[in-house]
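Engineer: For reference, the structure I am asking about is given below.
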Amino acid sequence: MPFRLRRLIAAFCLVALTATLSCLTRAEGPEKYDLQGVRLVVWDSLQAKFPGHSDYSEEVSRVISAFCLETGVTVDLHYAERREVLELLSDPGPRQEPHLVFSGEWPVISGNLQDIRGDVDPELFIDAAQAYWMRDDRLFGIPAFIQWTGTAVKGAGALDETGAGDDPDTELPPPEPARTGYWVDSPAFLRCALDAPGASWDAERVIEYLEWAKDSFGLYTADPLLSWQTGEVDALYPVNPYLYKWLKVSQSGDVSVKIVPPETPFGDSRFHYTVPAYVVLCEEAREKAAAAQLGRRLAASLGRWAARTLGCIPALIDDMPIFNLESDFTYAERRRLWDSVSQGKSVAPDISEYLETSSLAGALVDPLEMFLSGKSTAGDLKELIRGAFSRHTRP
């Protein structure tokens, strides 16, 4: 082959290789910006304090301080209530701030949220966390952890003596009939049942669930915690990780407390779960990149804290060892939680759907309490529930 032809072929190959490497470099991650001078307003949520665990607000301050020092970004931090976040996401109009918001335990998707897939790789998160925030190949939240809801059962230590408590394939017996305290006005009371596979938000399903709950749980009492403390009930429902942690640390040492999947009349019983996350609301390129970077750090930090302190499942794949080694759950308990999450198909609801079902649930509280406390009949219940549904647009 002539020398000149070899030089032409070599030059062509070099150009092709350079172009390929350039494409690969661009595909590795989002475009980098100089963030010096960017100002972010961040809305976060205060976390409960528990004995033996650090104050999480100090960790938030540490993460933000390190981020500002490294990037030159200025951050104004505000601790917001759930009501403020819902009002913010309900407003479709343009806003200057905040730029980054923590969703809270009942996340929603609204038109204000930005697709951040160009700034955050969804493959970093476990499948359930990723699926919760994905829509049409777009990512609308930076998942922090999986928050489960179940039933707390007292005095379940004997299960471990028989081996049942350590075998994840052995079904734990449900709480005894008429020995469960429950909160009718909890957002999770209806959602744990009606958001589950095989159920739906309609009048007949609500009636079926309530008749089953009265037979299974017993009569409603206004103070379930007092009934628990006085020994009138052996189980509480619905219980999230915060309440479960409080029950564990406040219970006397000779009585164990376990968390089990909530029973429903609609088929498989699984832990209900949501995926709290940080959401980005700003569109300007540098602000959006800065918000996503800070959101990744805050989500990772919160996920690790929630795994260690509350027994939640961290959203990051790389942080799963923290849940397995530091969550204080036995292997069997972790397996039951993980089975519900890995087999689940939960997604963040649209805000219109969430507000509709929340409004409906609020309208049903009084009829539910009357029926479950024995002050009204099944016929009264059906009439009131069907009337409430007729006044609300079905989600």
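Naming works like this for the structure tokens: A, B, ... for the chains as they're shown, residue 1 at the start of each chain, ligands 1 onward in shown order.
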Excluding Arg296 (chain A) and any residue of its chain fewer than 4 positions from it, enumerate the residues within 9 Å of it, using only C-alpha atoms, and give them as a ChimeraX atom specification.
Structural biologist: /A:120,142-144,278,291-292,300-301
Engineer: Could those selected residues go to a file with C-alpha atoms, as a compact mmCIF listing (two decimals), in the first residue's frame?
Structural biologist:
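File written: part20.txt
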# COMPACT_ATOMS: atom_id res chain seq x y z
CA VAL A 120 -29.80 12.84 37.36
CA ILE A 142 -34.79 12.72 43.07
CA PRO A 143 -35.84 9.79 45.31
CA ALA A 144 -34.57 9.75 48.90
CA TYR A 278 -36.58 16.31 46.13
CA ALA A 291 -30.83 22.50 42.20
CA ALA A 292 -30.40 18.98 40.79
CA ALA A 300 -28.67 10.64 49.48
CA SER A 301 -28.10 12.06 52.96
Engineer: Any idea what the distance is between CA of Glu123 (chain A) and CA of Tyr273 (chain A)?
Structural biologist: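 One can read the CA of Glu123 (chain A) to CA of Tyr273 (chain A) distance as 20.1 Å.
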Engineer: Within region 92-298 of chain A, find each residue whose DSSP state, derived from the backbone, is alpha helix (DSSP H), and express the selection as number ranges by chain.
Structural biologist: A: 127-133, 158-162, 187-194, 203-217, 224-229, 241-250, 285-298
Engineer: Name all residues at most 10 Å from Leu88 (chain A) (count only C-alpha atoms; drop same-chain ones fewer than 6 positions away) and give them as a list of chain:residue names.
Structural biologist: A:Arg82, A:Arg95, A:Glu97, A:Pro98, A:Val101, A:Ser110, A:Asn112
Engineer: Write a file of the selected residues as a compact mmCIF listing (two decimals), in the first residue's frame, keeping C-alpha atoms.
Structural biologist:
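Done, and the output landed in selection_14.txt:
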# COMPACT_ATOMS: atom_id res chain seq x y z
CA ARG A 82 -46.89 19.84 53.91
CA ARG A 95 -42.91 31.35 40.29
CA GLU A 97 -38.88 30.53 44.02
CA PRO A 98 -38.39 28.05 45.59
CA VAL A 101 -38.52 21.32 47.34
CA SER A 110 -47.68 18.59 39.10
CA ASN A 112 -44.51 22.78 38.10
Engineer: Mind pulling up the distance from CA of Ala306 (chain A) to CA of Ser358 (chain A)?
Structural biologist: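 Between CA of Ser358 (chain A) and CA of Ala306 (chain A) the gap is 25.8 Å.
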Engineer: Just how far from CA of Phe371 (chain A) is CA of Leu210 (chain A), in Å to one decimal?
Structural biologist: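 Between CA of Leu210 (chain A) and CA of Phe371 (chain A) the gap works out to 8.4 Å.
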Engineer: Can you tell me, as a list in words, what residues are no more than 10 Å from Arg179 (chain A) when counting only C-alpha atoms, ignoring any on the same chain fewer than 6 positions away?
Structural biologist: Val153, Ser216, Phe217, Gly218, Leu219, Ser227, Trp228, Gly231, Glu232, Val233, Asp234, Ala235 and Leu236 of chain A
Engineer: Can you tell me, as a PyMOL selection string, what residues are no more than 12 Å from Ile64 (chain A) when counting only C-alpha atoms, ignoring any on the same chain fewer than 4 positions away?
Structural biologist: chain A and resi 40-42+44+57-60+68-77+290-291+293-299+301
Engineer: Counting only C-alpha atoms, figure out which residue out of A:Gly362, A:Asp223, A:Phe145, A:Asp350 gets nearest to Phe323 (chain A).
Structural biologist: A:Phe145
Engineer: Extract, using only C-alpha atoms, all DNA, RNA and protein residues at most 10 Å from Thr264 (chain A), discarding same-chain residues fewer than 6 positions from it, and format them as a CSV table (one decimal) with N, CA, C and O atoms, in the first residue's frame.
Structural biologist:
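This went into out_9.csv:
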chain,number,residue,atom,x,y,z
A,192,CYS,N,-54.1,2.9,52.2
A,192,CYS,CA,-53.4,1.6,52.2
A,192,CYS,C,-54.3,0.5,51.6
A,192,CYS,O,-53.7,-0.5,51.0
A,193,ALA,N,-55.6,0.7,51.7
A,193,ALA,CA,-56.5,-0.4,51.1
A,193,ALA,C,-56.9,0.0,49.6
A,193,ALA,O,-56.8,-0.9,48.8
A,194,LEU,N,-57.2,1.2,49.4
A,194,LEU,CA,-57.8,1.6,48.1
A,194,LEU,C,-56.8,1.9,47.0
A,194,LEU,O,-57.1,1.9,45.8
A,196,ALA,N,-54.2,-0.1,46.8
A,196,ALA,CA,-53.5,-1.4,46.6
A,196,ALA,C,-54.0,-2.1,45.3
A,196,ALA,O,-55.1,-1.8,44.8
A,199,ALA,N,-57.9,-3.1,44.1
A,199,ALA,CA,-58.8,-2.1,44.7
A,199,ALA,C,-59.0,-0.9,43.9
A,199,ALA,O,-58.3,-0.7,42.9
A,208,GLU,N,-67.2,-2.1,51.2
A,208,GLU,CA,-66.6,-3.4,51.5
A,208,GLU,C,-65.5,-3.4,52.5
A,208,GLU,O,-65.4,-4.2,53.4
A,209,TYR,N,-64.6,-2.4,52.3
A,209,TYR,CA,-63.4,-2.3,53.2
A,209,TYR,C,-63.9,-2.0,54.6
A,209,TYR,O,-63.4,-2.5,55.6
A,210,LEU,N,-64.8,-1.1,54.8
A,210,LEU,CA,-65.2,-0.7,56.1
A,210,LEU,C,-66.0,-1.8,56.9
A,210,LEU,O,-65.8,-1.9,58.1
A,212,TRP,N,-65.4,-4.9,56.4
A,212,TRP,CA,-64.4,-5.8,56.8
A,212,TRP,C,-63.6,-5.3,57.9
A,212,TRP,O,-63.2,-6.0,58.9
A,213,ALA,N,-63.3,-4.0,58.0
A,213,ALA,CA,-62.5,-3.4,59.0
A,213,ALA,C,-63.2,-3.5,60.4
A,213,ALA,O,-62.6,-3.8,61.4
A,216,SER,N,-62.9,-7.1,61.5
A,216,SER,CA,-61.5,-7.5,61.8
A,216,SER,C,-60.8,-6.7,62.9
A,216,SER,O,-60.1,-7.3,63.7
A,270,ARG,N,-49.9,-6.3,51.4
A,270,ARG,CA,-48.5,-5.8,51.2
A,270,ARG,C,-48.4,-4.5,51.9
A,270,ARG,O,-49.4,-3.8,52.2
